[in-house]
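Read through the structure below, which is laid out as structure tokens, and then see the notes.
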Amino acid sequence: MSGNYGKVYLVGSGPGDPELLTLKARRLIDSAEVIIYDQLPGKTILDSMPANAEKIDVGKCAGNHTMTQAEINKMLVQKAKEGKRVVRLKGGDPYVFGRGGEEAEVLVAEGIEFEVVPGITSAIAVPAYAGIPVTHRENTSMVTFITGHEDPTKPESWLDWETLAKFGGTIVILMGVKMLSRNVEELMKHGKDPDTPVAIIERGTRTDQRVTVGTLASIAELAKERKVKAPAITVIGDVVKLHDVLGEQHTGTEF
Ligand code: SAH
């Protein structure tokens, strides 16, 4: 490891409510020389980046890649080799569907010091703001997180729909808007009850959060009617019923 190399911090920014940013994330953002970010952290957090830091938008938002993952990796390595203190800012938690693991591997391979700063993942916090605990003693003691964004032209799905359909716990889908109807169909085809409650939460924890509730059978049509857009979290399971009891919560911050 070269003594002249800088250090890279893989920092999670949480789901959007700026007060859900950790103290450590705040400190590292404020003292960064270079910040490499995409749009997922949300406007308020991005607007709070220090003016004197070099800011690089790698623009990976809902499939609109302005830089490939390989280019992002190269950028991280290059800036660290210039001796810079680099923050790679990511929405939610860097290691939950954020490709943070891949970036960390590249840094290790290049002999660059790095640290991960976990963030509050949208997979848990977004349902929470919508009044949906992902586990509940009376409903389920299991939860699984899956990516809903799979290339439909891929011959084989990575997702084991048969196992998922049998899984009794809560299923939380990230990146699931585009493939929503395929995903709910797969679950029903493999035997999941069409009456299973489903919620989709768009822009969770932000001021314009929106919740759509239905069932496995009805949710795809509802989402189409309401023009549901990414970023959104889909929650499948009995815990969704708690939305009516616990109600929605919004960020306390005006932004
Ligand atoms: N590392 C992130 C997830 C990155 S994948 C995390 O831990 O939260 C991107 C997906 O995260 C989006 O497609 C969406 O499913 C979800 N997501 C992130 N922030 C969200 C938000 N505020 N509201 C709803 N979904 C969100």
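Convention: chains lettered A, B, ... in structure tokens order; per-chain residue numbering from 1; ligands numbered from 1 as shown.
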Name the residues, by chain letter and number, that sit within 8 Å of ligand 1 using only C-alpha atoms and all ligand atoms, and give them as a compact mmCIF listing (two decimals) with all heavy atoms, in the first residue's frame.
```txt
# COMPACT_ATOMS: atom_id res chain seq x y z
N GLY A 12 -23.04 5.36 3.19
CA GLY A 12 -24.47 5.28 2.95
C GLY A 12 -25.15 6.54 3.44
O GLY A 12 -24.82 7.05 4.52
N GLY A 14 -28.58 6.89 3.72
CA GLY A 14 -29.95 6.66 4.20
C GLY A 14 -30.96 6.83 3.08
O GLY A 14 -30.60 7.09 1.93
N PRO A 15 -32.24 6.71 3.43
CA PRO A 15 -33.28 6.64 2.39
C PRO A 15 -33.77 7.98 1.85
O PRO A 15 -34.59 8.01 0.95
CB PRO A 15 -34.42 5.93 3.12
CG PRO A 15 -34.24 6.31 4.54
CD PRO A 15 -32.76 6.44 4.77
N GLY A 16 -33.31 9.10 2.39
CA GLY A 16 -33.74 10.38 1.81
C GLY A 16 -34.00 11.46 2.85
O GLY A 16 -33.57 12.59 2.68
N ASP A 17 -34.74 11.11 3.92
CA ASP A 17 -34.92 12.08 5.01
C ASP A 17 -33.52 12.49 5.50
O ASP A 17 -32.77 11.65 5.97
CB ASP A 17 -35.72 11.41 6.14
CG ASP A 17 -35.94 12.35 7.34
OD1 ASP A 17 -35.24 13.37 7.45
OD2 ASP A 17 -36.81 12.04 8.17
N LEU A 40 -29.47 9.05 -5.99
CA LEU A 40 -30.31 8.37 -5.00
C LEU A 40 -30.34 9.02 -3.61
O LEU A 40 -31.38 9.01 -2.96
CB LEU A 40 -29.94 6.87 -4.92
CG LEU A 40 -31.00 5.95 -4.32
CD1 LEU A 40 -32.33 6.01 -5.05
CD2 LEU A 40 -30.50 4.51 -4.24
N PRO A 41 -29.26 9.63 -3.12
CA PRO A 41 -29.33 10.26 -1.78
C PRO A 41 -30.40 11.36 -1.69
O PRO A 41 -30.85 11.69 -0.58
CB PRO A 41 -27.92 10.83 -1.59
CG PRO A 41 -27.04 9.91 -2.38
CD PRO A 41 -27.87 9.59 -3.62
N GLY A 42 -30.81 11.93 -2.81
CA GLY A 42 -31.85 12.96 -2.78
C GLY A 42 -31.26 14.36 -2.73
O GLY A 42 -30.14 14.58 -2.27
N ALA A 62 -32.06 4.95 -11.68
CA ALA A 62 -33.13 4.22 -12.37
C ALA A 62 -32.76 3.83 -13.80
O ALA A 62 -33.47 4.12 -14.76
CB ALA A 62 -34.42 5.03 -12.35
N LYS A 90 -23.62 6.94 -1.39
CA LYS A 90 -24.64 6.08 -1.99
C LYS A 90 -25.94 6.16 -1.20
O LYS A 90 -25.92 6.31 0.01
CB LYS A 90 -24.16 4.63 -1.91
CG LYS A 90 -23.05 4.30 -2.87
CD LYS A 90 -22.49 2.94 -2.57
CE LYS A 90 -21.59 2.47 -3.67
NZ LYS A 90 -22.31 2.22 -4.93
N GLY A 91 -27.06 5.97 -1.88
CA GLY A 91 -28.35 5.94 -1.19
C GLY A 91 -28.45 4.73 -0.28
O GLY A 91 -27.86 3.69 -0.55
N GLY A 92 -29.18 4.90 0.82
CA GLY A 92 -29.42 3.77 1.72
C GLY A 92 -28.15 3.25 2.36
O GLY A 92 -27.37 4.01 2.94
N ASP A 93 -27.93 1.96 2.26
CA ASP A 93 -26.72 1.32 2.76
C ASP A 93 -25.86 0.89 1.56
O ASP A 93 -26.39 0.33 0.60
CB ASP A 93 -27.10 0.08 3.59
CG ASP A 93 -25.87 -0.59 4.15
OD1 ASP A 93 -25.28 -1.44 3.44
OD2 ASP A 93 -25.46 -0.25 5.27
N PRO A 94 -24.55 1.13 1.65
CA PRO A 94 -23.70 0.84 0.48
C PRO A 94 -23.64 -0.64 0.08
O PRO A 94 -23.37 -0.96 -1.06
CB PRO A 94 -22.31 1.31 0.91
CG PRO A 94 -22.47 2.07 2.16
CD PRO A 94 -23.79 1.72 2.76
N TYR A 95 -23.90 -1.51 1.05
CA TYR A 95 -23.77 -2.95 0.76
C TYR A 95 -25.11 -3.64 0.52
O TYR A 95 -25.17 -4.85 0.42
CB TYR A 95 -23.02 -3.64 1.91
CG TYR A 95 -21.52 -3.42 1.94
CD1 TYR A 95 -20.74 -3.95 2.96
CD2 TYR A 95 -20.87 -2.71 0.94
CE1 TYR A 95 -19.37 -3.76 3.00
CE2 TYR A 95 -19.50 -2.50 0.97
CZ TYR A 95 -18.75 -3.03 2.00
OH TYR A 95 -17.38 -2.85 2.03
N VAL A 96 -26.20 -2.87 0.46
CA VAL A 96 -27.49 -3.47 0.14
C VAL A 96 -27.86 -3.05 -1.29
O VAL A 96 -28.24 -1.90 -1.52
CB VAL A 96 -28.60 -3.04 1.13
CG1 VAL A 96 -29.95 -3.66 0.75
CG2 VAL A 96 -28.23 -3.42 2.56
N PHE A 97 -27.72 -3.94 -2.22
CA PHE A 97 -27.99 -3.69 -3.64
C PHE A 97 -27.37 -2.38 -4.13
O PHE A 97 -27.95 -1.70 -4.97
CB PHE A 97 -29.50 -3.69 -3.93
CG PHE A 97 -30.15 -5.01 -3.68
CD1 PHE A 97 -31.22 -5.12 -2.81
CD2 PHE A 97 -29.68 -6.16 -4.30
CE1 PHE A 97 -31.82 -6.35 -2.57
CE2 PHE A 97 -30.27 -7.39 -4.07
CZ PHE A 97 -31.34 -7.48 -3.20
N GLY A 98 -26.24 -2.02 -3.57
CA GLY A 98 -25.66 -0.75 -3.97
C GLY A 98 -24.34 -0.91 -4.72
O GLY A 98 -23.69 0.08 -5.05
N ARG A 99 -23.93 -2.12 -4.95
CA ARG A 99 -22.67 -2.44 -5.62
C ARG A 99 -21.46 -1.96 -4.84
O ARG A 99 -20.36 -1.88 -5.36
CB ARG A 99 -22.67 -1.92 -7.07
CG ARG A 99 -23.89 -2.46 -7.82
CD ARG A 99 -23.82 -2.25 -9.30
NE ARG A 99 -22.84 -3.10 -9.95
CZ ARG A 99 -22.76 -3.25 -11.27
NH1 ARG A 99 -23.61 -2.63 -12.06
NH2 ARG A 99 -21.83 -4.01 -11.80
N GLY A 119 -25.37 2.71 6.07
CA GLY A 119 -26.45 3.70 6.12
C GLY A 119 -27.75 3.00 6.45
O GLY A 119 -27.82 1.76 6.44
N ILE A 120 -28.76 3.78 6.74
CA ILE A 120 -30.08 3.19 6.99
C ILE A 120 -30.65 2.78 5.63
O ILE A 120 -30.82 3.61 4.75
CB ILE A 120 -31.01 4.21 7.68
CG1 ILE A 120 -30.45 4.55 9.07
CG2 ILE A 120 -32.43 3.66 7.78
CD1 ILE A 120 -31.30 5.50 9.87
N THR A 121 -30.89 1.49 5.48
CA THR A 121 -31.34 1.03 4.17
C THR A 121 -32.81 1.35 3.93
O THR A 121 -33.65 1.23 4.83
CB THR A 121 -31.08 -0.48 3.98
OG1 THR A 121 -31.52 -0.85 2.66
CG2 THR A 121 -31.79 -1.35 5.00
N SER A 122 -33.10 1.70 2.70
CA SER A 122 -34.49 1.97 2.30
C SER A 122 -35.34 0.71 2.46
O SER A 122 -36.55 0.79 2.67
CB SER A 122 -34.54 2.45 0.85
OG SER A 122 -34.08 1.44 -0.02
N ALA A 123 -34.70 -0.45 2.39
CA ALA A 123 -35.44 -1.72 2.46
C ALA A 123 -36.21 -1.87 3.77
O ALA A 123 -37.24 -2.53 3.82
CB ALA A 123 -34.46 -2.88 2.29
N VAL A 126 -38.05 2.62 4.56
CA VAL A 126 -39.16 3.10 3.73
C VAL A 126 -40.48 2.41 4.14
O VAL A 126 -41.48 3.10 4.37
CB VAL A 126 -38.81 2.95 2.23
CG1 VAL A 126 -40.03 3.11 1.34
CG2 VAL A 126 -37.73 3.96 1.84
N THR A 147 -33.94 -8.22 -5.42
CA THR A 147 -33.95 -7.22 -6.47
C THR A 147 -35.00 -7.61 -7.50
O THR A 147 -35.05 -8.75 -7.95
CB THR A 147 -32.58 -7.05 -7.16
OG1 THR A 147 -32.77 -6.30 -8.36
CG2 THR A 147 -31.92 -8.38 -7.50
N ILE A 173 -39.06 -5.95 -2.13
CA ILE A 173 -38.43 -5.88 -3.45
C ILE A 173 -37.87 -4.47 -3.68
O ILE A 173 -38.59 -3.48 -3.58
CB ILE A 173 -39.41 -6.22 -4.58
CG1 ILE A 173 -40.11 -7.57 -4.31
CG2 ILE A 173 -38.68 -6.27 -5.92
CD1 ILE A 173 -41.11 -7.99 -5.39
N LEU A 174 -36.59 -4.41 -3.99
CA LEU A 174 -35.97 -3.15 -4.40
C LEU A 174 -35.86 -3.16 -5.92
O LEU A 174 -35.75 -4.24 -6.52
CB LEU A 174 -34.59 -2.99 -3.76
CG LEU A 174 -34.59 -2.63 -2.26
CD1 LEU A 174 -34.71 -3.90 -1.42
CD2 LEU A 174 -33.34 -1.87 -1.88
N MET A 175 -35.82 -1.97 -6.50
CA MET A 175 -35.70 -1.84 -7.95
C MET A 175 -36.78 -2.65 -8.66
O MET A 175 -36.51 -3.29 -9.67
CB MET A 175 -34.31 -2.29 -8.41
CG MET A 175 -33.20 -1.45 -7.83
SD MET A 175 -31.56 -2.09 -8.22
CE MET A 175 -31.39 -3.39 -7.02
N GLY A 176 -38.00 -2.61 -8.14
CA GLY A 176 -39.01 -3.54 -8.65
C GLY A 176 -40.11 -2.93 -9.49
O GLY A 176 -41.08 -3.61 -9.82
N VAL A 177 -40.00 -1.66 -9.88
CA VAL A 177 -41.12 -1.02 -10.55
C VAL A 177 -41.32 -1.54 -11.98
O VAL A 177 -42.42 -1.93 -12.37
CB VAL A 177 -40.97 0.52 -10.55
CG1 VAL A 177 -42.06 1.18 -11.38
CG2 VAL A 177 -41.02 1.05 -9.12
N ILE A 201 -44.19 1.70 -2.01
CA ILE A 201 -43.91 3.02 -1.44
C ILE A 201 -42.91 3.73 -2.35
O ILE A 201 -41.78 3.29 -2.51
CB ILE A 201 -43.35 2.92 -0.01
CG1 ILE A 201 -44.26 2.02 0.83
CG2 ILE A 201 -43.21 4.30 0.62
CD1 ILE A 201 -43.56 0.84 1.44
N GLU A 202 -43.35 4.84 -2.93
CA GLU A 202 -42.47 5.64 -3.79
C GLU A 202 -41.85 6.75 -2.97
O GLU A 202 -42.52 7.35 -2.12
CB GLU A 202 -43.28 6.29 -4.93
CG GLU A 202 -43.94 5.33 -5.87
CD GLU A 202 -45.01 6.06 -6.70
OE1 GLU A 202 -44.63 6.68 -7.72
OE2 GLU A 202 -46.20 6.04 -6.30
N ARG A 203 -40.59 7.06 -3.25
CA ARG A 203 -39.87 8.18 -2.62
C ARG A 203 -40.05 8.19 -1.09
O ARG A 203 -40.32 9.22 -0.48
CB ARG A 203 -40.32 9.51 -3.22
CG ARG A 203 -40.09 9.61 -4.72
CD ARG A 203 -40.64 10.88 -5.31
NE ARG A 203 -42.08 10.99 -5.16
CZ ARG A 203 -42.98 10.42 -5.95
NH1 ARG A 203 -42.60 9.72 -7.00
NH2 ARG A 203 -44.26 10.55 -5.70
N GLY A 204 -39.91 7.02 -0.50
CA GLY A 204 -40.14 6.87 0.93
C GLY A 204 -39.25 7.76 1.79
O GLY A 204 -38.11 8.03 1.42
N THR A 205 -39.78 8.23 2.88
CA THR A 205 -39.16 9.13 3.87
C THR A 205 -38.93 10.54 3.33
O THR A 205 -38.42 11.40 4.03
CB THR A 205 -37.81 8.61 4.47
OG1 THR A 205 -36.72 8.93 3.61
CG2 THR A 205 -37.84 7.13 4.79
N ARG A 206 -39.31 10.77 2.08
CA ARG A 206 -39.16 12.13 1.53
C ARG A 206 -40.50 12.85 1.67
O ARG A 206 -41.51 12.24 1.97
CB ARG A 206 -38.73 12.04 0.06
CG ARG A 206 -37.43 11.26 -0.05
CD ARG A 206 -36.89 11.15 -1.43
NE ARG A 206 -35.75 10.23 -1.40
CZ ARG A 206 -34.97 9.96 -2.42
NH1 ARG A 206 -35.17 10.53 -3.57
NH2 ARG A 206 -33.97 9.12 -2.29
N GLN A 209 -43.46 11.35 -0.36
CA GLN A 209 -43.69 9.90 -0.26
C GLN A 209 -45.13 9.56 -0.66
O GLN A 209 -46.06 10.30 -0.33
CB GLN A 209 -43.39 9.51 1.18
CG GLN A 209 -44.07 8.30 1.74
CD GLN A 209 -43.63 8.06 3.19
OE1 GLN A 209 -42.45 8.03 3.49
NE2 GLN A 209 -44.58 7.94 4.09
N ALA A 230 -40.01 4.71 -10.07
CA ALA A 230 -38.84 4.50 -9.21
C ALA A 230 -38.37 5.86 -8.67
O ALA A 230 -38.60 6.87 -9.34
CB ALA A 230 -37.73 3.84 -10.02
N PRO A 231 -37.73 5.92 -7.51
CA PRO A 231 -37.42 4.79 -6.64
C PRO A 231 -38.62 4.38 -5.77
O PRO A 231 -39.29 5.23 -5.21
CB PRO A 231 -36.29 5.34 -5.76
CG PRO A 231 -36.54 6.81 -5.68
CD PRO A 231 -37.18 7.19 -6.99
N ALA A 232 -38.86 3.09 -5.72
CA ALA A 232 -39.96 2.58 -4.92
C ALA A 232 -39.60 1.22 -4.32
O ALA A 232 -38.80 0.48 -4.89
CB ALA A 232 -41.21 2.44 -5.79
N ILE A 233 -40.20 0.96 -3.18
CA ILE A 233 -40.02 -0.30 -2.47
C ILE A 233 -41.36 -1.05 -2.52
O ILE A 233 -42.40 -0.44 -2.28
CB ILE A 233 -39.66 -0.04 -0.98
CG1 ILE A 233 -38.28 0.61 -0.84
CG2 ILE A 233 -39.79 -1.30 -0.14
CD1 ILE A 233 -37.12 -0.32 -0.94
N THR A 234 -41.32 -2.32 -2.85
CA THR A 234 -42.53 -3.14 -2.82
C THR A 234 -42.45 -4.09 -1.63
O THR A 234 -41.43 -4.74 -1.44
CB THR A 234 -42.64 -3.96 -4.13
OG1 THR A 234 -42.53 -3.08 -5.25
CG2 THR A 234 -43.97 -4.71 -4.20
```
Subject >> Those of stretch 18-255 of chain A in DSSP helix (DSSP H, G or I), formatted as a PyMOL selection string >> reply: chain A and resi 18-20+23-30+43-47+69-81+100-109+122-129+161-166+180-189+219-225+238-246
Judged by only C-alpha atoms, the minimum distance to A:Lys227 among A:Ile200, A:Val58, A:Leu28, A:Ala80 is found for A:Ile200
Point out the residue among A:Ala130, A:Val143, A:Leu21, A:Val198 with the least atom-to-atom distance to A:Arg210, counting only C-alpha atoms.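 Selected residue with least distance to A:Arg210: A:Ala130.
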Atom CA of A:Thr135 sits from atom CA of A:Phe167 at a separation of 13.7 Å
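For the set A:Ala51, A:Leu20, A:Ile45, A:Val235, the residue with the smallest atom-to-atom gap to A:Ala32 is A:Ala51, counting only C-alpha atoms.
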What's the separation between atom CA of A:Val108 and atom CA of A:Pro50, in Å to one decimal place?
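Between these atoms lies a distance of 27.4 Å.
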Give me the residues near A:Phe114 as a PyMOL selection string, where near means some atom within 12 Å (using only C-alpha atoms) and where sequence neighbours in that chain fewer than 2 positions away do not count. chain A and resi 1+5-11+76-77+80+84-88+100-101+103-112+116-117
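Each of A:Ser13, A:Gln78, A:Asn139, A:Thr170 was compared to A:Lys43 using only C-alpha atoms, and A:Ser13 turns out to be the nearest.
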If you run DSSP on this backbone, which residues of stretch 79-255 of chain A come out as strand (DSSP E or B), and could you give them as a ChimeraX atom specification? /A:85-90,92,113-117,136,140,143-147,170-174,197-202,210-215,232-236
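Pairwise distance (atom CA of A:Val184, atom CA of A:Ala217) equals 7.5 Å.
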Show which residues sit within 12 Å of A:Val240, as a count of residues only. Count only C-alpha atoms, and ignore same-chain residues fewer than 5 positions away.
34
